[in-house]
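**Student:** You'll find upload.pdb just under this line, and it carries PDB, C-alpha atoms.
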```
ATOM      1  CA  MET O 231     -11.726   8.159  10.583
ATOM      2  CA  THR O 232     -14.409   6.991  13.022
ATOM      3  CA  LEU O 233     -17.732   6.002  11.469
ATOM      4  CA  LEU O 234     -20.995   5.339  13.289
ATOM      5  CA  TYR O 235     -23.594   3.072  11.822
ATOM      6  CA  PHE O 236     -26.576   1.070  12.994
ATOM      7  CA  LEU O 237     -27.043  -2.688  13.029
ATOM      8  CA  LYS O 238     -30.177  -4.646  13.776
ATOM      9  CA  ARG O 239     -29.573  -7.553  16.135
ATOM     10  CA  HIS O 240     -32.300  -9.545  17.840
ATOM     11  CA  ASN O 241     -34.815  -6.838  16.840
ATOM     12  CA  LYS O 242     -32.776  -4.229  18.703
ATOM     13  CA  LEU O 243     -31.093  -1.156  17.265
ATOM     14  CA  CYS O 244     -27.434  -1.167  18.280
ATOM     15  CA  LEU O 245     -24.732   1.453  17.791
ATOM     16  CA  GLN O 246     -21.372   0.170  16.575
ATOM     17  CA  VAL O 247     -18.153   2.185  16.304
ATOM     18  CA  VAL O 248     -15.765   1.329  13.501
ATOM     19  CA  ASN O 249     -12.276   2.820  13.415
ATOM     20  CA  LEU O 250     -11.788   2.912   9.672
ATOM     21  CA  LYS O 251      -8.344   3.904   8.421
ATOM     22  CA  THR O 252      -7.873   4.634   4.722
ATOM     23  CA  ILE O 253      -4.399   4.352   3.192
ATOM     24  CA  LEU O 254      -3.614   5.277  -0.415
ATOM     25  CA  PHE O 255      -0.393   4.524  -2.291
ATOM     26  CA  TRP O 256       0.473   6.167  -5.606
ATOM     27  CA  ASN O 257       3.634   6.234  -7.683
ATOM     28  CA  LEU O 258       3.344   9.716  -9.188
ATOM     29  CA  ALA O 259       6.122   9.157 -11.760
ATOM     30  CA  LYS O 260       7.421  12.667 -10.969
ATOM     31  CA  LYS O 261       4.369  14.212 -12.615
ATOM     32  CA  GLN O 262       3.219  17.447 -10.979
ATOM     33  CA  ASN O 263      -0.189  17.053 -12.624
ATOM     34  CA  ALA O 264      -0.698  13.768 -10.762
ATOM     35  CA  LEU O 265       0.061  15.459  -7.452
ATOM     36  CA  GLU O 266      -2.780  17.892  -8.103
ATOM     37  CA  HIS O 267      -5.303  15.022  -7.894
ATOM     38  CA  LEU O 268      -4.601  14.356  -4.211
ATOM     39  CA  PRO O 269      -7.215  16.841  -2.921
ATOM     40  CA  CYS O 270      -9.963  15.129  -4.953
ATOM     41  CA  LEU O 271      -8.824  11.718  -3.717
ATOM     42  CA  ALA O 272      -8.721  12.974  -0.119
ATOM     43  CA  LEU O 273     -12.253  14.351  -0.377
ATOM     44  CA  THR O 274     -13.762  11.388  -2.225
ATOM     45  CA  HIS O 275     -12.185   8.634  -0.135
ATOM     46  CA  GLN O 276     -11.490  10.393   3.183
ATOM     47  CA  VAL O 277      -7.843   9.342   2.965
ATOM     48  CA  ASP O 278      -6.017   9.238   6.305
ATOM     49  CA  VAL O 279      -2.560   8.414   4.921
ATOM     50  CA  PHE O 280      -1.090   9.068   1.481
ATOM     51  CA  LEU O 281       2.069   7.127   0.640
ATOM     52  CA  LEU O 282       3.770   8.618  -2.412
ATOM     53  CA  ALA O 283       6.607   7.368  -4.595
ATOM     54  CA  GLU O 284       8.432   9.526  -7.138
ATOM     55  CA  SER O 285       6.818  12.706  -5.814
ATOM     56  CA  SER O 286       8.153  16.222  -6.240
ATOM     57  CA  ASP O 287      10.506  17.459  -3.529
ATOM     58  CA  ASP O 288       8.218  20.236  -2.314
ATOM     59  CA  LEU O 289       4.870  18.928  -1.106
ATOM     60  CA  SER O 290       3.816  22.160   0.632
ATOM     61  CA  PRO O 291       1.591  23.410  -2.254
ATOM     62  CA  VAL O 292      -0.516  20.253  -2.331
ATOM     63  CA  LEU O 293      -0.696  20.216   1.470
ATOM     64  CA  GLN O 294      -2.135  23.719   1.350
ATOM     65  CA  ASP O 295      -4.711  22.651  -1.228
ATOM     66  CA  ILE O 296      -5.782  19.571   0.740
ATOM     67  CA  ASN O 297      -6.014  21.502   3.991
ATOM     68  CA  LYS O 298      -8.420  24.003   2.396
ATOM     69  CA  LEU O 299     -10.990  21.184   2.214
ATOM     70  CA  GLY O 300     -11.565  21.095   5.959
ATOM     71  CA  LEU O 301     -10.901  17.369   6.308
ATOM     72  CA  GLY O 302      -8.321  17.834   9.040
ATOM     73  CA  THR O 303      -4.757  19.058   9.048
ATOM     74  CA  TYR O 304      -2.570  17.062   6.676
ATOM     75  CA  ARG O 305       1.184  17.056   7.256
ATOM     76  CA  GLU O 306       4.237  15.306   5.948
ATOM     77  CA  ALA O 307       5.151  12.575   8.424
ATOM     78  CA  ASP O 308       8.835  12.926   9.334
ATOM     79  CA  TYR O 309      10.360  13.091   5.885
ATOM     80  CA  GLU O 310      13.811  11.486   5.825
ATOM     81  CA  LYS O 311      14.388  11.407   2.066
ATOM     82  CA  THR O 312      12.867   7.956   1.717
ATOM     83  CA  LYS O 313      11.687   6.708  -1.670
ATOM     84  CA  VAL O 314       8.151   6.554  -0.252
ATOM     85  CA  ARG O 315       6.907   9.664   1.551
ATOM     86  CA  ALA O 316       3.880   9.940   3.812
ATOM     87  CA  ILE O 317       1.220  12.635   4.098
ATOM     88  CA  THR O 318      -1.314  12.153   6.879
ATOM     89  CA  ARG O 319      -4.056  13.906   8.787
ATOM     90  CA  LEU O 320      -3.486  11.686  11.815
ATOM     91  CA  ALA O 321      -1.964  13.164  14.955
ATOM     92  CA  LYS O 322       1.769  12.726  15.527
ATOM     93  CA  ARG O 323       1.130  10.270  18.355
ATOM     94  CA  ASP O 324      -1.044   8.170  16.014
ATOM     95  CA  PHE O 325       1.270   7.990  12.993
ATOM     96  CA  VAL O 326       5.029   8.275  13.294
ATOM     97  CA  HIS O 327       8.037   7.313  11.180
ATOM     98  CA  ARG O 328      10.227   4.644  12.802
ATOM     99  CA  TYR O 329      12.612   3.174  10.236
ATOM    100  CA  THR O 330      14.349   3.831   6.916
ATOM    101  CA  SER O 331      16.406   1.135   5.206
ATOM    102  CA  GLN O 332      19.960   1.872   4.143
ATOM    103  CA  GLY O 333      18.933   1.908   0.487
ATOM    104  CA  ARG O 334      15.907   4.107   1.333
ATOM    105  CA  GLU O 335      13.607   1.717  -0.560
ATOM    106  CA  VAL O 336      11.796   0.751   2.653
ATOM    107  CA  ALA O 337      10.236   3.096   5.205
ATOM    108  CA  ILE O 338       8.195   1.970   8.209
ATOM    109  CA  TRP O 339       5.646   3.987  10.154
ATOM    110  CA  ARG O 340       3.735   3.047  13.294
ATOM    111  CA  LEU O 341      -0.037   3.546  13.144
ATOM    112  CA  ARG O 342      -1.883   3.523  16.453
ATOM    113  CA  SER O 343      -4.744   1.008  16.601
ATOM    114  CA  THR O 344      -7.557   0.424  19.061
ATOM    115  CA  VAL O 345      -8.107  -3.241  18.195
ATOM    116  CA  MET O 346      -4.632  -4.758  17.811
ATOM    117  CA  THR O 347      -2.347  -6.168  20.488
ATOM    118  CA  PRO O 348      -0.076  -4.365  21.013
ATOM    119  CA  PRO O 349      -2.129  -1.321  19.936
ATOM    120  CA  GLU O 350      -0.271  -0.516  16.728
ATOM    121  CA  ILE O 351       0.206  -1.474  13.086
ATOM    122  CA  LEU O 352       3.440  -1.311  11.145
ATOM    123  CA  ILE O 353       3.008   0.253   7.714
ATOM    124  CA  ALA O 354       5.963  -0.548   5.483
ATOM    125  CA  GLY O 355       6.071   1.525   2.303
ATOM    126  CA  VAL O 356       8.354   0.242  -0.451
ATOM    127  CA  HIS O 357       9.634   1.258  -3.873
ATOM    128  CA  LEU O 358      11.780  -1.578  -5.185
ATOM    129  CA  PRO O 359      14.091  -1.726  -8.235
ATOM    130  CA  SER O 360      12.595  -1.975 -11.712
ATOM    131  CA  LYS O 361      13.451  -4.295 -14.582
ATOM    132  CA  MET O 362      13.506  -1.166 -16.734
ATOM    133  CA  GLY O 363      16.653  -0.108 -14.890
ATOM    134  CA  GLY O 364      18.453  -3.255 -16.019
ATOM    135  CA  ASN O 365      17.584  -5.500 -13.074
ATOM    136  CA  SER O 366      16.882  -9.149 -13.809
ATOM    137  CA  VAL O 367      14.222 -11.282 -12.143
ATOM    138  CA  GLU O 368      17.030 -12.756 -10.044
ATOM    139  CA  ASP O 369      18.205  -9.288  -9.010
ATOM    140  CA  GLN O 370      14.698  -8.369  -7.908
ATOM    141  CA  ALA O 371      14.335 -11.610  -5.959
ATOM    142  CA  SER O 372      17.614 -10.889  -4.173
ATOM    143  CA  VAL O 373      16.379  -7.443  -3.097
ATOM    144  CA  ALA O 374      13.040  -8.953  -2.030
ATOM    145  CA  MET O 375      14.894 -11.387   0.243
ATOM    146  CA  GLU O 376      16.737  -8.526   1.931
ATOM    147  CA  VAL O 377      13.562  -6.469   2.323
ATOM    148  CA  SER O 378      11.714  -9.450   3.803
ATOM    149  CA  GLN O 379      14.480  -9.935   6.347
ATOM    150  CA  GLU O 380      14.533  -6.235   7.284
ATOM    151  CA  ILE O 381      10.798  -6.239   7.911
ATOM    152  CA  ALA O 382      10.972  -9.447   9.966
ATOM    153  CA  GLU O 383      13.772  -7.997  12.092
ATOM    154  CA  PHE O 384      11.776  -4.819  12.727
ATOM    155  CA  GLU O 385       8.728  -6.920  13.624
ATOM    156  CA  ASP O 386      10.848  -8.827  16.145
ATOM    157  CA  ARG O 387      12.037  -5.560  17.712
ATOM    158  CA  SER O 388       8.412  -4.421  17.862
ATOM    159  CA  HIS O 389       7.269  -7.758  19.398
ATOM    160  CA  HIS O 390       4.426  -8.246  16.916
ATOM    161  CA  ARG O 391       3.648  -8.900  13.239
ATOM    162  CA  ASN O 392       0.756  -6.520  12.634
ATOM    163  CA  THR O 393       2.259  -5.408   9.332
ATOM    164  CA  LEU O 394       0.871  -3.864   6.161
ATOM    165  CA  LEU O 395       3.348  -3.927   3.263
ATOM    166  CA  ILE O 396       2.379  -1.534   0.468
ATOM    167  CA  GLY O 397       4.048   0.160  -2.460
ATOM    168  CA  ASP O 398       5.516  -0.223  -5.926
ATOM    169  CA  PHE O 399       7.274  -3.582  -5.974
ATOM    170  CA  ASN O 400       8.087  -3.372  -9.688
ATOM    171  CA  MET O 401       7.162  -7.055  -9.758
ATOM    172  CA  TYR O 402       3.967  -8.858 -10.634
ATOM    173  CA  PRO O 403       2.230 -10.831  -7.842
ATOM    174  CA  TYR O 404       3.442 -14.049  -9.488
ATOM    175  CA  ASP O 405       7.104 -13.010  -9.916
ATOM    176  CA  PRO O 406       9.610 -15.077  -7.896
ATOM    177  CA  GLY O 407      10.574 -12.191  -5.611
ATOM    178  CA  MET O 408       6.941 -11.863  -4.544
ATOM    179  CA  THR O 409       6.172 -15.564  -4.064
ATOM    180  CA  LEU O 410       9.461 -17.096  -2.879
ATOM    181  CA  ALA O 411       9.318 -18.327   0.697
ATOM    182  CA  THR O 412      12.672 -16.603   1.164
ATOM    183  CA  GLY O 413      11.361 -13.431  -0.511
ATOM    184  CA  ILE O 414       8.166 -11.485   0.171
ATOM    185  CA  HIS O 415       6.254 -14.789   0.435
ATOM    186  CA  GLY O 416       2.981 -13.237  -0.723
ATOM    187  CA  LEU O 417       0.205 -15.804  -1.160
ATOM    188  CA  MET O 418      -2.984 -15.448  -3.170
ATOM    189  CA  THR O 419      -5.518 -16.837  -0.693
ATOM    190  CA  ARG O 420      -6.291 -16.191   2.931
ATOM    191  CA  ALA O 421      -6.224 -19.934   3.656
ATOM    192  CA  LEU O 422      -2.635 -20.205   2.397
ATOM    193  CA  ALA O 423      -1.481 -17.058   4.188
ATOM    194  CA  GLU O 424      -2.896 -18.215   7.521
ATOM    195  CA  LEU O 425      -0.933 -21.482   7.540
ATOM    196  CA  PRO O 426       1.916 -21.699  10.076
ATOM    197  CA  ASP O 427       5.291 -20.247   9.144
ATOM    198  CA  ARG O 428       6.945 -22.354   6.475
ATOM    199  CA  GLU O 429      10.198 -24.035   7.468
ATOM    200  CA  HIS O 430      12.987 -23.811   4.903
ATOM    201  CA  ARG O 431      16.628 -24.729   5.538
ATOM    202  CA  GLY O 432      16.034 -24.735   9.273
ATOM    203  CA  GLN O 433      14.437 -21.265   9.332
ATOM    204  CA  LEU O 434      10.800 -20.269   9.690
ATOM    205  CA  ARG O 435       9.541 -18.081   6.849
ATOM    206  CA  ARG O 436       6.667 -15.673   7.499
ATOM    207  CA  ARG O 437       3.747 -15.318   5.129
ATOM    208  CA  PHE O 438       1.895 -12.358   3.656
ATOM    209  CA  TYR O 439      -1.600 -12.387   2.204
ATOM    210  CA  ASN O 440      -1.649 -10.707  -1.218
ATOM    211  CA  PRO O 441      -5.225  -9.747  -2.194
ATOM    212  CA  MET O 442      -3.995  -8.043  -5.383
ATOM    213  CA  TRP O 443      -4.210 -11.377  -7.247
ATOM    214  CA  GLY O 444      -7.994 -10.982  -7.122
ATOM    215  CA  LEU O 445      -7.873  -7.580  -8.872
ATOM    216  CA  LEU O 446      -6.111  -8.687 -12.063
ATOM    217  CA  GLY O 447      -8.108  -8.759 -15.298
ATOM    218  CA  ASP O 448     -11.366  -7.281 -16.530
ATOM    219  CA  ARG O 449     -13.774  -9.378 -14.454
ATOM    220  CA  THR O 450     -12.997  -7.334 -11.363
ATOM    221  CA  VAL O 451     -14.130  -3.987 -10.002
ATOM    222  CA  GLY O 452     -11.931  -1.212 -11.368
ATOM    223  CA  PRO O 453      -9.124  -1.362 -13.941
ATOM    224  CA  ALA O 454      -7.376  -4.589 -14.983
ATOM    225  CA  GLY O 455      -4.182  -3.673 -13.123
ATOM    226  CA  SER O 456      -2.255  -0.784 -11.605
ATOM    227  CA  HIS O 457       0.171  -0.271 -14.500
ATOM    228  CA  PHE O 458       0.045  -0.615 -18.271
ATOM    229  CA  TRP O 459       3.140  -1.425 -20.338
ATOM    230  CA  ARG O 460       3.100  -0.078 -23.877
ATOM    231  CA  SER O 461       5.554  -2.230 -25.797
ATOM    232  CA  SER O 462       5.623  -4.301 -28.985
ATOM    233  CA  VAL O 463       7.746  -7.085 -27.462
ATOM    234  CA  LEU O 464       6.325 -10.573 -27.955
ATOM    235  CA  HIS O 465       5.916 -11.295 -24.236
ATOM    236  CA  ASN O 466       3.780  -8.470 -22.902
ATOM    237  CA  PRO O 467       0.869  -9.020 -20.503
ATOM    238  CA  HIS O 468       0.075  -5.296 -21.002
ATOM    239  CA  TRP O 469      -1.705  -4.810 -17.670
ATOM    240  CA  GLY O 470       0.356  -5.539 -14.574
ATOM    241  CA  MET O 471      -0.046  -5.223 -10.825
ATOM    242  CA  LEU O 472       3.232  -3.571  -9.855
ATOM    243  CA  ASP O 473       1.584  -1.615  -7.031
ATOM    244  CA  GLN O 474       0.401  -3.923  -4.287
ATOM    245  CA  ALA O 475      -0.804  -4.091  -0.699
ATOM    246  CA  LEU O 476      -0.041  -7.207   1.384
ATOM    247  CA  LEU O 477      -0.990  -8.069   4.951
ATOM    248  CA  ARG O 478       0.292 -10.374   7.638
ATOM    249  CA  PRO O 479      -2.336 -12.920   8.760
ATOM    250  CA  SER O 480      -3.095 -10.983  11.971
ATOM    251  CA  LEU O 481      -4.510  -8.102   9.885
ATOM    252  CA  ILE O 482      -6.585 -10.054   7.376
ATOM    253  CA  GLN O 483      -9.800 -10.010   9.398
ATOM    254  CA  TYR O 484      -9.627  -6.214   9.617
ATOM    255  CA  LEU O 485      -9.333  -5.663   5.851
ATOM    256  CA  LYS O 486     -12.489  -3.950   4.604
ATOM    257  CA  ASP O 487     -11.451  -3.558   0.981
ATOM    258  CA  VAL O 488      -8.587  -2.860  -1.398
ATOM    259  CA  LEU O 489      -9.012  -1.315  -4.840
ATOM    260  CA  VAL O 490      -7.096   0.101  -7.771
ATOM    261  CA  LEU O 491      -8.555   3.506  -8.651
ATOM    262  CA  ASP O 492      -9.078   4.915 -12.150
ATOM    263  CA  PHE O 493     -11.178   7.889 -11.002
ATOM    264  CA  ASP O 494     -10.456  10.457  -8.292
ATOM    265  CA  GLY O 495     -14.106  11.321  -7.713
ATOM    266  CA  THR O 496     -14.090  14.154 -10.252
ATOM    267  CA  HIS O 497     -11.492  13.321 -12.909
ATOM    268  CA  ASN O 498     -10.679  10.232 -14.943
ATOM    269  CA  LEU O 499      -7.135   8.911 -14.397
ATOM    270  CA  LEU O 500      -7.150   6.976 -17.678
ATOM    271  CA  GLY O 501      -6.299   8.161 -21.173
ATOM    272  CA  SER O 502      -8.368   7.755 -24.327
ATOM    273  CA  ASP O 503      -6.946   4.242 -24.797
ATOM    274  CA  GLY O 504      -8.289   3.070 -21.435
ATOM    275  CA  ALA O 505      -4.811   2.819 -19.869
ATOM    276  CA  PRO O 506      -3.226   5.118 -17.270
ATOM    277  CA  ASP O 507      -2.828   8.611 -18.718
ATOM    278  CA  LYS O 508       0.980   8.669 -18.660
ATOM    279  CA  ASN O 509       1.167  11.716 -20.925
ATOM    280  CA  HIS O 510      -0.481  13.969 -18.346
ATOM    281  CA  LEU O 511      -0.465  11.906 -15.158
ATOM    282  CA  SER O 512       1.378   8.816 -13.955
ATOM    283  CA  ASP O 513       1.724   5.484 -15.739
ATOM    284  CA  HIS O 514       0.665   3.972 -12.392
ATOM    285  CA  LEU O 515      -2.782   4.064 -10.803
ATOM    286  CA  PRO O 516      -3.426   4.571  -7.071
ATOM    287  CA  VAL O 517      -4.038   1.627  -4.764
ATOM    288  CA  ILE O 518      -6.371   2.306  -1.830
ATOM    289  CA  LEU O 519      -6.883   0.092   1.204
ATOM    290  CA  ARG O 520      -9.223   0.412   4.188
ATOM    291  CA  LEU O 521      -8.726  -1.273   7.545
ATOM    292  CA  ASN O 522     -11.164  -1.456  10.466
ATOM    293  CA  VAL O 523      -8.501  -0.806  13.093
TER     294      VAL O 523
END
```
Could you write out this file's structure as structure tokens?
**Tutor:**
Amino acid sequence: MTLLYFLKRHNKLCLQVVNLKTILFWNLAKKQNALEHLPCLALTHQVDVFLLAESSDDLSPVLQDINKLGLGTYREADYEKTKVRAITRLAKRDFVHRYTSQGREVAIWRLRSTVMTPPEILIAGVHLPSKMGGNSVEDQASVAMEVSQEIAEFEDRSHHRNTLLIGDFNMYPYDPGMTLATGIHGLMTRALAELPDREHRGQLRRRFYNPMWGLLGDRTVGPAGSHFWRSSVLHNPHWGMLDQALLRPSLIQYLKDVLVLDFDGTHNLLGSDGAPDKNHLSDHLPVILRLNV
């Protein structure tokens, strides 16, 4: 979406053009009721790209509903049975699928940009294995290492690192798979993320900036996390940030904001207990990110 707004500089009125792209990720937990909230989210937040995990097979009904709003023509972007599927109102030349991993847990799209060099951004959508499926922390870290390598190899083929990594990692920001230099290597501050590649065992390891650290807890805007775990086990942080958006250093300056949403503009996405309404919707909340690109 292109926005026009006025700035005062040196007592002059100047016109500035901002190419604002809005990307929303949501694990729908196979709930049809959750899918029905996409039109409200599209209208409220002017979403350019929806990335959906655990969605229903047939997205045509919700596409029809969104397209009745007059916000543009939304389409499914080259569905190849990936675990994360994309709906977008961007033209085919501006947003195109380029890669699916063998395990289908990683999909990469190219988003055309007017400010990057080269003029594109790689959007990698992921849905990684869960501990609930029997995977250990070590198992998750092993998968994270493979995913990190796949993304780095695709960056090398693309001759740039303008990468947004977004999705359901099924790990907390502080889990080893997310922080290991050999894994996702997601760091909590911009200063850390912008350091040179870290050398480990003779190889350079690329860094991601993970702004989701700053959204944990109740002293932030929005809910305390993106997922709530209802369990009586002794070790339970309750709120977790399984759904995350990370950026390579080259994109950090273009990040306008990133939020976890508990309201679609019309309807509450939380239950009476203040946690995600898993009985009617998903046990995950949407993550929305806006880039000035």
**Student:** Which of these residues is nearest to Arg435 of chain O, using only C-alpha atoms: O:Gly413, O:Pro467, O:Pro403, O:Gly452?
**Tutor:**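 Once distances to Arg435 of chain O are computed over only C-alpha atoms, the minimum belongs to O:Gly413.
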**Student:** Can you list, as a list in words, every protein, DNA or RNA residue that comes within 9 Å of Ser290 of chain O when you count only C-alpha atoms, leaving out same-chain residues fewer than 4 positions away?
**Tutor:** Gln294, Asp295, Arg305 and Glu306 of chain O
**Student:** What separation in Å, quoted to one decimal, exists between atom CA of Leu511 of chain O and atom CA of Trp256 of chain O?
**Tutor:** 11.2 Å
**Student:** How would you write, as a PyMOL selection string, the residues chosen by the PyMOL selection byres ((chain O and resi 363-373) around 8) on this structure?
**Tutor:** chain O and resi 358-362+374-377+401+405-408+410+413
**Student:** Using atom CA of Asp494 of chain O and atom CA of Asn257 of chain O as the two end points, give the distance in Å to one decimal.
**Tutor:**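 Atom CA of Asp494 of chain O sits 14.7 Å away from atom CA of Asn257 of chain O.
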**Student:** Which of these residues is nearest to Arg342 of chain O, using all atoms listed in the file: O:Gln379, O:Val314, O:Asn392, O:Arg449?
**Tutor:** O:Asn392
**Student:** Can you turn the PyMOL selection byres ((chain O and resi 319) around 7) into a concrete residue list for this file, as a ChimeraX atom specification?
**Tutor:** /O:278-279,302-305,318,320-321
**Student:** I need the output of the PyMOL selection byres ((chain O and resi 457) around 10) for this file as an mmCIF file with C-alpha atoms, in the frame of the given file; which residues are they?
**Tutor:**
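As a result, expr_18.cif now contains:
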```
data_model
loop_
_atom_site.group_PDB
_atom_site.id
_atom_site.type_symbol
_atom_site.label_atom_id
_atom_site.label_comp_id
_atom_site.auth_asym_id
_atom_site.auth_seq_id
_atom_site.Cartn_x
_atom_site.Cartn_y
_atom_site.Cartn_z
ATOM 1 C CA ASN O 400 8.087 -3.372 -9.688
ATOM 2 C CA PRO O 453 -9.124 -1.362 -13.941
ATOM 3 C CA ALA O 454 -7.376 -4.589 -14.983
ATOM 4 C CA GLY O 455 -4.182 -3.673 -13.123
ATOM 5 C CA SER O 456 -2.255 -0.784 -11.605
ATOM 6 C CA PHE O 458 0.045 -0.615 -18.271
ATOM 7 C CA TRP O 459 3.140 -1.425 -20.338
ATOM 8 C CA ARG O 460 3.100 -0.078 -23.877
ATOM 9 C CA HIS O 468 0.075 -5.296 -21.002
ATOM 10 C CA TRP O 469 -1.705 -4.810 -17.670
ATOM 11 C CA GLY O 470 0.356 -5.539 -14.574
ATOM 12 C CA MET O 471 -0.046 -5.223 -10.825
ATOM 13 C CA LEU O 472 3.232 -3.571 -9.855
ATOM 14 C CA ASP O 473 1.584 -1.615 -7.031
ATOM 15 C CA VAL O 490 -7.096 0.101 -7.771
ATOM 16 C CA ALA O 505 -4.811 2.819 -19.869
ATOM 17 C CA PRO O 506 -3.226 5.118 -17.270
ATOM 18 C CA LYS O 508 0.980 8.669 -18.660
ATOM 19 C CA SER O 512 1.378 8.816 -13.955
ATOM 20 C CA ASP O 513 1.724 5.484 -15.739
ATOM 21 C CA HIS O 514 0.665 3.972 -12.392
ATOM 22 C CA LEU O 515 -2.782 4.064 -10.803
ATOM 23 C CA PRO O 516 -3.426 4.571 -7.071
#
```
**Student:** Here is a test: counting all atoms listed in the file, which residue of O:Ile396, O:Pro291, O:Pro479, O:Glu429 is nearest to Trp339 of chain O?
**Tutor:** O:Ile396
**Student:** What is the distance, in Å and to one decimal place, between atom CA of Arg436 of chain O and atom CA of Ser331 of chain O?
**Tutor:**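 Taking atom CA of Arg436 of chain O as the start and atom CA of Ser331 of chain O as the end point, the length is 19.6 Å.
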**Student:** Saving segment 296-310 of chain O with N, CA, C and O atoms, as a compact mmCIF listing (two decimals), in the first residue's frame, what would that file be?
**Tutor:**
```txt
# COMPACT_ATOMS: atom_id res chain seq x y z
N ILE O 296 -13.27 -11.56 1.27
CA ILE O 296 -12.32 -10.44 1.33
C ILE O 296 -12.47 -9.55 0.10
O ILE O 296 -12.45 -8.31 0.20
N ASN O 297 -12.63 -10.16 -1.05
CA ASN O 297 -12.68 -9.38 -2.29
C ASN O 297 -13.96 -8.56 -2.41
O ASN O 297 -14.02 -7.63 -3.23
N LYS O 298 -14.97 -8.86 -1.61
CA LYS O 298 -16.19 -8.03 -1.60
C LYS O 298 -15.95 -6.67 -0.94
O LYS O 298 -16.75 -5.76 -1.08
N LEU O 299 -14.83 -6.54 -0.21
CA LEU O 299 -14.55 -5.31 0.53
C LEU O 299 -14.01 -4.19 -0.34
O LEU O 299 -13.93 -3.04 0.10
N GLY O 300 -13.58 -4.52 -1.55
CA GLY O 300 -13.06 -3.49 -2.44
C GLY O 300 -11.68 -3.00 -2.09
O GLY O 300 -11.32 -1.84 -2.37
N LEU O 301 -10.88 -3.85 -1.47
CA LEU O 301 -9.51 -3.48 -1.08
C LEU O 301 -8.48 -3.90 -2.10
O LEU O 301 -7.28 -3.75 -1.88
N GLY O 302 -8.92 -4.43 -3.21
CA GLY O 302 -8.04 -5.02 -4.21
C GLY O 302 -8.47 -6.45 -4.44
O GLY O 302 -9.40 -6.95 -3.81
N THR O 303 -7.77 -7.12 -5.33
CA THR O 303 -8.10 -8.50 -5.65
C THR O 303 -7.11 -9.43 -4.95
O THR O 303 -5.94 -9.51 -5.32
N TYR O 304 -7.59 -10.12 -3.93
CA TYR O 304 -6.76 -11.07 -3.19
C TYR O 304 -6.76 -12.41 -3.92
O TYR O 304 -7.78 -12.83 -4.48
N ARG O 305 -5.62 -13.07 -3.89
CA ARG O 305 -5.46 -14.36 -4.56
C ARG O 305 -4.54 -15.23 -3.72
O ARG O 305 -3.79 -14.73 -2.87
N GLU O 306 -4.62 -16.53 -3.95
CA GLU O 306 -3.64 -17.41 -3.33
C GLU O 306 -2.39 -17.42 -4.19
O GLU O 306 -2.48 -17.57 -5.41
N ALA O 307 -1.24 -17.24 -3.56
CA ALA O 307 0.01 -17.05 -4.30
C ALA O 307 0.71 -18.38 -4.53
O ALA O 307 1.50 -18.84 -3.71
N ASP O 308 0.40 -19.03 -5.64
CA ASP O 308 1.13 -20.21 -6.10
C ASP O 308 1.18 -21.30 -5.04
O ASP O 308 2.25 -21.69 -4.56
N TYR O 309 0.05 -21.80 -4.67
CA TYR O 309 -0.04 -22.83 -3.63
C TYR O 309 0.62 -24.12 -4.10
O TYR O 309 0.28 -24.66 -5.13
N GLU O 310 1.59 -24.59 -3.31
CA GLU O 310 2.29 -25.84 -3.61
C GLU O 310 2.24 -26.79 -2.43
O GLU O 310 3.18 -27.50 -2.14
```
